[in-house]
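Trainee: Structure file protein_16.cif (mmCIF, C-alpha atoms) is given on the next line.
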data_work
#
loop_
_atom_site.group_PDB
_atom_site.id
_atom_site.type_symbol
_atom_site.label_atom_id
_atom_site.label_comp_id
_atom_site.auth_asym_id
_atom_site.auth_seq_id
_atom_site.Cartn_x
_atom_site.Cartn_y
_atom_site.Cartn_z
ATOM 1 C CA MET A 1 85.703 -11.397 -11.377
ATOM 2 C CA ASN A 2 88.587 -11.712 -8.937
ATOM 3 C CA GLU A 3 86.070 -12.197 -6.116
ATOM 4 C CA PHE A 4 84.442 -15.079 -8.021
ATOM 5 C CA VAL A 5 87.792 -16.798 -8.694
ATOM 6 C CA GLN A 6 88.800 -16.450 -5.046
ATOM 7 C CA SER A 7 85.423 -17.812 -3.943
ATOM 8 C CA LEU A 8 85.755 -20.723 -6.389
ATOM 9 C CA ARG A 9 89.171 -21.602 -4.952
ATOM 10 C CA LEU A 10 87.636 -21.736 -1.487
ATOM 11 C CA TRP A 11 85.222 -24.433 -2.695
ATOM 12 C CA PHE A 12 88.170 -26.819 -2.832
ATOM 13 C CA ALA A 13 90.229 -25.397 0.041
ATOM 14 C CA PRO A 14 87.719 -24.341 2.721
ATOM 15 C CA GLN A 15 90.436 -24.293 5.388
ATOM 16 C CA ARG A 16 91.689 -21.077 3.737
ATOM 17 C CA ILE A 17 88.538 -19.315 4.929
ATOM 18 C CA ARG A 18 90.107 -19.313 8.400
ATOM 19 C CA GLU A 19 92.723 -16.870 7.106
ATOM 20 C CA GLU A 20 90.053 -14.176 6.785
ATOM 21 C CA GLY A 21 88.675 -12.047 9.592
ATOM 22 C CA ASP A 22 87.694 -13.391 12.994
ATOM 23 C CA THR A 23 86.194 -16.725 13.920
ATOM 24 C CA PRO A 24 82.421 -16.298 14.294
ATOM 25 C CA ASP A 25 80.359 -17.937 17.000
ATOM 26 C CA TYR A 26 80.428 -21.634 16.100
ATOM 27 C CA ARG A 27 76.617 -21.752 16.170
ATOM 28 C CA PHE A 28 76.499 -19.459 13.135
ATOM 29 C CA SER A 29 78.970 -21.638 11.223
ATOM 30 C CA LEU A 30 76.948 -24.728 12.097
ATOM 31 C CA ALA A 31 73.731 -23.012 10.992
ATOM 32 C CA ASN A 32 75.447 -22.105 7.716
ATOM 33 C CA GLU A 33 76.411 -25.762 7.285
ATOM 34 C CA ARG A 34 72.827 -26.902 7.970
ATOM 35 C CA THR A 35 71.612 -24.475 5.312
ATOM 36 C CA PHE A 36 74.163 -25.943 2.900
ATOM 37 C CA LEU A 37 72.869 -29.437 3.645
ATOM 38 C CA ALA A 38 69.274 -28.285 3.070
ATOM 39 C CA TRP A 39 70.275 -26.967 -0.362
ATOM 40 C CA ILE A 40 71.964 -30.304 -1.124
ATOM 41 C CA ARG A 41 68.810 -32.209 -0.092
ATOM 42 C CA THR A 42 66.796 -29.956 -2.389
ATOM 43 C CA ALA A 43 69.247 -30.627 -5.234
ATOM 44 C CA LEU A 44 68.985 -34.381 -4.686
ATOM 45 C CA ALA A 45 65.170 -34.197 -4.663
ATOM 46 C CA LEU A 46 65.161 -32.255 -7.944
ATOM 47 C CA ILE A 47 67.560 -34.730 -9.542
ATOM 48 C CA GLY A 48 65.461 -37.640 -8.282
ATOM 49 C CA GLY A 49 62.347 -35.971 -9.678
ATOM 50 C CA GLY A 50 64.035 -35.567 -13.051
ATOM 51 C CA PHE A 51 64.903 -39.258 -13.187
ATOM 52 C CA ALA A 52 61.412 -40.202 -11.996
ATOM 53 C CA VAL A 53 59.760 -38.185 -14.765
ATOM 54 C CA ASP A 54 61.998 -39.828 -17.345
ATOM 55 C CA GLN A 55 61.651 -43.386 -16.054
ATOM 56 C CA PHE A 56 58.088 -43.577 -14.770
ATOM 57 C CA LEU A 57 56.166 -41.579 -17.364
ATOM 58 C CA PRO A 58 56.899 -43.502 -20.580
ATOM 59 C CA GLU A 59 53.410 -42.724 -21.905
ATOM 60 C CA LEU A 60 54.390 -39.070 -22.348
ATOM 61 C CA SER A 61 55.742 -38.054 -25.709
ATOM 62 C CA TRP A 62 59.521 -38.087 -25.747
ATOM 63 C CA GLY A 63 59.868 -34.312 -26.096
ATOM 64 C CA VAL A 64 57.593 -33.499 -23.157
ATOM 65 C CA ARG A 65 59.164 -36.162 -20.953
ATOM 66 C CA ALA A 66 62.714 -35.141 -21.835
ATOM 67 C CA GLY A 67 61.953 -31.444 -21.401
ATOM 68 C CA LEU A 68 60.453 -31.873 -17.939
ATOM 69 C CA ALA A 69 63.181 -34.284 -16.846
ATOM 70 C CA LEU A 70 65.983 -32.049 -18.113
ATOM 71 C CA ALA A 71 64.474 -28.983 -16.432
ATOM 72 C CA LEU A 72 64.437 -30.793 -13.080
ATOM 73 C CA LEU A 73 67.927 -32.242 -13.565
ATOM 74 C CA ALA A 74 69.345 -28.828 -14.512
ATOM 75 C CA ALA A 75 67.669 -27.192 -11.523
ATOM 76 C CA GLY A 76 69.171 -29.882 -9.272
ATOM 77 C CA ALA A 77 72.661 -29.395 -10.679
ATOM 78 C CA LEU A 78 72.440 -25.617 -10.315
ATOM 79 C CA CYS A 79 71.102 -25.977 -6.792
ATOM 80 C CA ALA A 80 74.045 -28.175 -5.792
ATOM 81 C CA LEU A 81 76.558 -25.714 -7.218
ATOM 82 C CA ARG A 82 74.769 -22.786 -5.619
ATOM 83 C CA ALA A 83 74.824 -24.553 -2.255
ATOM 84 C CA VAL A 84 78.598 -24.561 -1.973
ATOM 85 C CA ASN A 85 78.883 -21.048 -3.367
ATOM 86 C CA HIS A 86 76.357 -19.746 -0.836
ATOM 87 C CA TRP A 87 78.102 -21.561 2.014
ATOM 88 C CA VAL A 88 81.472 -19.983 1.128
ATOM 89 C CA ARG A 89 80.012 -16.505 0.678
ATOM 90 C CA CYS A 90 78.158 -16.635 4.008
ATOM 91 C CA GLU A 91 81.132 -18.038 5.895
ATOM 92 C CA ARG A 92 83.391 -15.286 4.525
ATOM 93 C CA ALA A 93 80.841 -12.582 5.347
ATOM 94 C CA MET A 94 80.492 -13.828 8.940
ATOM 95 C CA ARG A 95 84.276 -13.902 9.405
ATOM 96 C CA ARG A 96 84.575 -10.376 8.012
ATOM 97 C CA GLY A 97 81.679 -9.020 10.076
ATOM 98 C CA GLU A 98 79.769 -8.096 6.911
ATOM 99 C CA ASP A 99 76.085 -8.436 6.101
ATOM 100 C CA LEU A 100 75.153 -11.841 4.746
ATOM 101 C CA PRO A 101 74.988 -11.926 0.949
ATOM 102 C CA VAL A 102 71.648 -11.736 -0.810
ATOM 103 C CA SER A 103 70.740 -13.757 -3.862
ATOM 104 C CA ARG A 104 68.059 -14.059 -6.519
ATOM 105 C CA PHE A 105 68.705 -17.795 -6.821
ATOM 106 C CA PRO A 106 65.882 -18.897 -4.474
ATOM 107 C CA THR A 107 63.419 -16.904 -6.591
ATOM 108 C CA LEU A 108 64.766 -18.346 -9.845
ATOM 109 C CA LEU A 109 64.704 -21.887 -8.468
ATOM 110 C CA SER A 110 61.140 -21.421 -7.220
ATOM 111 C CA LEU A 111 60.027 -20.128 -10.606
ATOM 112 C CA ALA A 112 61.684 -23.043 -12.422
ATOM 113 C CA VAL A 113 60.032 -25.587 -10.127
ATOM 114 C CA ALA A 114 56.682 -23.814 -10.481
ATOM 115 C CA VAL A 115 56.910 -23.879 -14.292
ATOM 116 C CA VAL A 116 57.666 -27.617 -14.241
ATOM 117 C CA ALA A 117 54.820 -28.185 -11.755
ATOM 118 C CA VAL A 118 52.331 -26.299 -13.952
ATOM 119 C CA ALA A 119 53.509 -28.295 -16.965
ATOM 120 C CA MET A 120 52.967 -31.505 -14.994
ATOM 121 C CA VAL A 121 49.447 -30.377 -14.026
ATOM 122 C CA VAL A 122 48.680 -29.806 -17.709
ATOM 123 C CA VAL A 123 50.076 -33.241 -18.557
ATOM 124 C CA VAL A 124 48.016 -34.908 -15.818
ATOM 125 C CA LEU A 125 44.821 -33.091 -16.754
ATOM 126 C CA PHE A 126 45.074 -33.320 -20.529
ATOM 127 C CA GLY A 127 47.459 -36.264 -20.975
ATOM 128 C CA TRP A 128 50.060 -35.861 -23.710
ATOM 129 C CA GLU A 129 50.540 -39.431 -24.762
ATOM 130 C CA GLY A 130 53.392 -40.348 -27.024
ATOM 131 C CA ARG A 131 52.655 -42.254 -30.206
#
Go ahead and express the file in the form of structure tokens.
Mentor:
Amino acid sequence: MNEFVQSLRLWFAPQRIREEGDTPDYRFSLANERTFLAWIRTALALIGGGFAVDQFLPELSWGVRAGLALALLAAGALCALRAVNHWVRCERAMRRGEDLPVSRFPTLLSLAVAVVAVAMVVVVLFGWEGR
């Protein structure tokens, strides 16, 4: 738990990361930042998809539309939060000379997106119109 609190503090004070270990090759830090930005782009795409489902599919029943939209919006929010957490954890590991952290989040995010995609295929094929 202490590790999580310390990591959370670094979200808002990233300059404190410099207090740990040795400075890694700047190329690794820049690659870590590019990965962070890729996660943020993914989060924005998921959020945009959630709004698109809600706004551009009014013929769907409210429950189906809201469920799909909320699933995408939640995945986007989690992805954005995970992005900064992953960036901090990787930066700390590089400075400490440790192995990079592993995570199940990419698998969970992929499964969530796949479930929404399958639901959308069902909606497109069978059309769940709201009345």
Trainee: Given the PyMOL selection byres ((chain A and resi 97) around 12) and the file above, list the residues it selects as a list of chain:residue names.
Mentor: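 Going through the file, the PyMOL selection byres ((chain A and resi 97) around 12) ends up selecting A:Glu20, A:Gly21, A:Asp22, A:Thr23, A:Pro24, A:Asp25, A:Cys90, A:Glu91, A:Arg92, A:Ala93, A:Met94, A:Arg95, A:Arg96, A:Glu98, A:Asp99, A:Leu100, A:Pro101.
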Trainee: With distances taken over all atoms listed in the file, which of A:Val116, A:Leu109, A:Val88, A:Ala31 is nearest to Leu70 of chain A?
Mentor: A:Val116
Trainee: Please write the residues picked by the PyMOL selection byres ((chain A and resi 54) around 9) on this file as JSON, numbers by chain.
Mentor: {"A": [49, 50, 51, 52, 53, 55, 56, 57, 58, 62, 65, 66, 68, 69, 70]}
Trainee: Report as a PyMOL selection string all protein, DNA and RNA residues lying within 12 Å of Ala119 of chain A, evaluated on only C-alpha atoms, omitting residues in the same chain fewer than 2 positions from it.
Mentor: chain A and resi 53+64-65+67-69+71-72+112-117+121-128
Trainee: Atom CA of Gln6 of chain A and atom CA of Leu37 of chain A, how far apart in Å?
Mentor: 22.3 Å
Trainee: Would you kindly identify which residues have an atom no farther than 10 Å from (68.5, -32.9, -5.8), using all atoms listed in the file and the file's own coordinates, and write them out as a PyMOL selection string?
Mentor: chain A and resi 39-50+72-80
Trainee: For atom CA of Leu10 of chain A and atom CA of His86 of chain A, determine how far apart the two atoms are, in Å to one decimal place.
Mentor: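 Atom-to-atom, atom CA of Leu10 of chain A and atom CA of His86 of chain A are spaced 11.5 Å apart.
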Trainee: Using Å and a single decimal, report how far atom CA of Pro14 of chain A sits from atom CA of Ser110 of chain A.
Mentor: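 These atoms are spaced 28.5 Å apart.
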Trainee: Save segment 17-61 of chain A to a file: N, CA and C atoms, as an mmCIF file, in the first residue's frame.
Mentor:
data_model
loop_
_atom_site.group_PDB
_atom_site.id
_atom_site.type_symbol
_atom_site.label_atom_id
_atom_site.label_comp_id
_atom_site.auth_asym_id
_atom_site.auth_seq_id
_atom_site.Cartn_x
_atom_site.Cartn_y
_atom_site.Cartn_z
ATOM 1 N N ILE A 17 10.968 11.983 -8.908
ATOM 2 C CA ILE A 17 11.517 10.728 -9.427
ATOM 3 C C ILE A 17 13.030 10.834 -9.545
ATOM 4 N N ARG A 18 13.523 12.031 -9.816
ATOM 5 C CA ARG A 18 14.975 12.232 -9.965
ATOM 6 C C ARG A 18 15.748 11.922 -8.686
ATOM 7 N N GLU A 19 15.060 11.883 -7.570
ATOM 8 C CA GLU A 19 15.716 11.591 -6.287
ATOM 9 C C GLU A 19 16.055 10.109 -6.149
ATOM 10 N N GLU A 20 15.508 9.281 -7.029
ATOM 11 C CA GLU A 20 15.713 7.840 -6.937
ATOM 12 C C GLU A 20 16.735 7.363 -7.949
ATOM 13 N N GLY A 21 17.626 6.515 -7.513
ATOM 14 C CA GLY A 21 18.554 5.824 -8.413
ATOM 15 C C GLY A 21 19.372 6.744 -9.304
ATOM 16 N N ASP A 22 19.748 6.194 -10.460
ATOM 17 C CA ASP A 22 20.586 6.903 -11.422
ATOM 18 C C ASP A 22 19.758 7.309 -12.633
ATOM 19 N N THR A 23 20.204 8.376 -13.276
ATOM 20 C CA THR A 23 19.515 8.839 -14.476
ATOM 21 C C THR A 23 19.746 7.831 -15.604
ATOM 22 N N PRO A 24 18.659 7.317 -16.191
ATOM 23 C CA PRO A 24 18.816 6.367 -17.298
ATOM 24 C C PRO A 24 19.175 7.106 -18.587
ATOM 25 N N ASP A 25 19.565 6.367 -19.580
ATOM 26 C CA ASP A 25 19.789 6.933 -20.902
ATOM 27 C C ASP A 25 18.525 7.692 -21.298
ATOM 28 N N TYR A 26 18.668 8.924 -21.745
ATOM 29 C CA TYR A 26 17.509 9.758 -22.041
ATOM 30 C C TYR A 26 16.593 9.128 -23.085
ATOM 31 N N ARG A 27 17.148 8.288 -23.962
ATOM 32 C CA ARG A 27 16.312 7.647 -24.981
ATOM 33 C C ARG A 27 15.257 6.745 -24.353
ATOM 34 N N PHE A 28 15.601 6.101 -23.237
ATOM 35 C CA PHE A 28 14.637 5.237 -22.558
ATOM 36 C C PHE A 28 13.534 6.066 -21.915
ATOM 37 N N SER A 29 13.902 7.195 -21.316
ATOM 38 C CA SER A 29 12.886 8.081 -20.726
ATOM 39 C C SER A 29 11.963 8.640 -21.801
ATOM 40 N N LEU A 30 12.537 9.000 -22.947
ATOM 41 C CA LEU A 30 11.707 9.511 -24.038
ATOM 42 C C LEU A 30 10.804 8.420 -24.608
ATOM 43 N N ALA A 31 11.296 7.201 -24.685
ATOM 44 C CA ALA A 31 10.458 6.086 -25.144
ATOM 45 C C ALA A 31 9.326 5.840 -24.153
ATOM 46 N N ASN A 32 9.610 5.954 -22.869
ATOM 47 C CA ASN A 32 8.585 5.804 -21.840
ATOM 48 C C ASN A 32 7.521 6.891 -22.005
ATOM 49 N N GLU A 33 7.955 8.104 -22.308
ATOM 50 C CA GLU A 33 7.005 9.200 -22.522
ATOM 51 C C GLU A 33 6.152 8.969 -23.772
ATOM 52 N N ARG A 34 6.756 8.442 -24.835
ATOM 53 C CA ARG A 34 5.980 8.137 -26.049
ATOM 54 C C ARG A 34 4.939 7.057 -25.778
ATOM 55 N N THR A 35 5.301 6.086 -24.948
ATOM 56 C CA THR A 35 4.335 5.046 -24.573
ATOM 57 C C THR A 35 3.184 5.662 -23.785
ATOM 58 N N PHE A 36 3.510 6.569 -22.872
ATOM 59 C CA PHE A 36 2.478 7.287 -22.121
ATOM 60 C C PHE A 36 1.524 8.003 -23.078
ATOM 61 N N LEU A 37 2.089 8.706 -24.050
ATOM 62 C CA LEU A 37 1.253 9.439 -25.003
ATOM 63 C C LEU A 37 0.392 8.496 -25.845
ATOM 64 N N ALA A 38 0.902 7.315 -26.166
ATOM 65 C CA ALA A 38 0.100 6.333 -26.902
ATOM 66 C C ALA A 38 -1.084 5.871 -26.059
ATOM 67 N N TRP A 39 -0.868 5.656 -24.765
ATOM 68 C CA TRP A 39 -1.962 5.282 -23.875
ATOM 69 C C TRP A 39 -2.993 6.405 -23.802
ATOM 70 N N ILE A 40 -2.541 7.650 -23.769
ATOM 71 C CA ILE A 40 -3.461 8.788 -23.710
ATOM 72 C C ILE A 40 -4.272 8.871 -25.007
ATOM 73 N N ARG A 41 -3.626 8.650 -26.151
ATOM 74 C CA ARG A 41 -4.372 8.643 -27.423
ATOM 75 C C ARG A 41 -5.425 7.538 -27.426
ATOM 76 N N THR A 42 -5.077 6.388 -26.895
ATOM 77 C CA THR A 42 -6.034 5.288 -26.802
ATOM 78 C C THR A 42 -7.205 5.687 -25.900
ATOM 79 N N ALA A 43 -6.907 6.314 -24.769
ATOM 80 C CA ALA A 43 -7.961 6.762 -23.858
ATOM 81 C C ALA A 43 -8.886 7.757 -24.553
ATOM 82 N N LEU A 44 -8.319 8.703 -25.273
ATOM 83 C CA LEU A 44 -9.136 9.688 -25.984
ATOM 84 C C LEU A 44 -10.010 9.025 -27.048
ATOM 85 N N ALA A 45 -9.471 8.042 -27.752
ATOM 86 C CA ALA A 45 -10.249 7.326 -28.771
ATOM 87 C C ALA A 45 -11.412 6.573 -28.125
ATOM 88 N N LEU A 46 -11.174 5.936 -26.991
ATOM 89 C CA LEU A 46 -12.244 5.217 -26.300
ATOM 90 C C LEU A 46 -13.327 6.176 -25.815
ATOM 91 N N ILE A 47 -12.919 7.306 -25.275
ATOM 92 C CA ILE A 47 -13.873 8.308 -24.809
ATOM 93 C C ILE A 47 -14.674 8.856 -25.992
ATOM 94 N N GLY A 48 -13.980 9.153 -27.090
ATOM 95 C CA GLY A 48 -14.672 9.616 -28.289
ATOM 96 C C GLY A 48 -15.651 8.574 -28.809
ATOM 97 N N GLY A 49 -15.268 7.313 -28.772
ATOM 98 C CA GLY A 49 -16.157 6.238 -29.194
ATOM 99 C C GLY A 49 -17.390 6.142 -28.309
ATOM 100 N N GLY A 50 -17.194 6.339 -27.004
ATOM 101 C CA GLY A 50 -18.331 6.323 -26.087
ATOM 102 C C GLY A 50 -19.326 7.426 -26.396
ATOM 103 N N PHE A 51 -18.815 8.635 -26.644
ATOM 104 C CA PHE A 51 -19.704 9.740 -27.001
ATOM 105 C C PHE A 51 -20.366 9.498 -28.354
ATOM 106 N N ALA A 52 -19.618 8.932 -29.290
ATOM 107 C CA ALA A 52 -20.186 8.662 -30.620
ATOM 108 C C ALA A 52 -21.340 7.667 -30.529
ATOM 109 N N VAL A 53 -21.161 6.607 -29.758
ATOM 110 C CA VAL A 53 -22.234 5.624 -29.598
ATOM 111 C C VAL A 53 -23.472 6.314 -29.021
ATOM 112 N N ASP A 54 -23.267 7.138 -28.016
ATOM 113 C CA ASP A 54 -24.407 7.793 -27.376
ATOM 114 C C ASP A 54 -25.100 8.800 -28.296
ATOM 115 N N GLN A 55 -24.321 9.558 -29.047
ATOM 116 C CA GLN A 55 -24.893 10.640 -29.846
ATOM 117 C C GLN A 55 -25.373 10.216 -31.226
ATOM 118 N N PHE A 56 -24.725 9.250 -31.836
ATOM 119 C CA PHE A 56 -25.007 8.939 -33.232
ATOM 120 C C PHE A 56 -25.784 7.647 -33.449
ATOM 121 N N LEU A 57 -26.185 7.005 -32.376
ATOM 122 C CA LEU A 57 -26.999 5.789 -32.508
ATOM 123 C C LEU A 57 -28.303 5.929 -31.722
ATOM 124 N N PRO A 58 -29.079 6.985 -31.995
ATOM 125 C CA PRO A 58 -30.307 7.195 -31.221
ATOM 126 C C PRO A 58 -31.364 6.119 -31.466
ATOM 127 N N GLU A 59 -31.237 5.362 -32.563
ATOM 128 C CA GLU A 59 -32.220 4.320 -32.836
ATOM 129 C C GLU A 59 -32.075 3.114 -31.920
ATOM 130 N N LEU A 60 -30.939 3.007 -31.235
ATOM 131 C CA LEU A 60 -30.771 1.910 -30.268
ATOM 132 C C LEU A 60 -31.626 2.176 -29.042
ATOM 133 N N SER A 61 -32.058 1.116 -28.400
ATOM 134 C CA SER A 61 -32.787 1.315 -27.147
ATOM 135 C C SER A 61 -31.846 1.992 -26.155
#
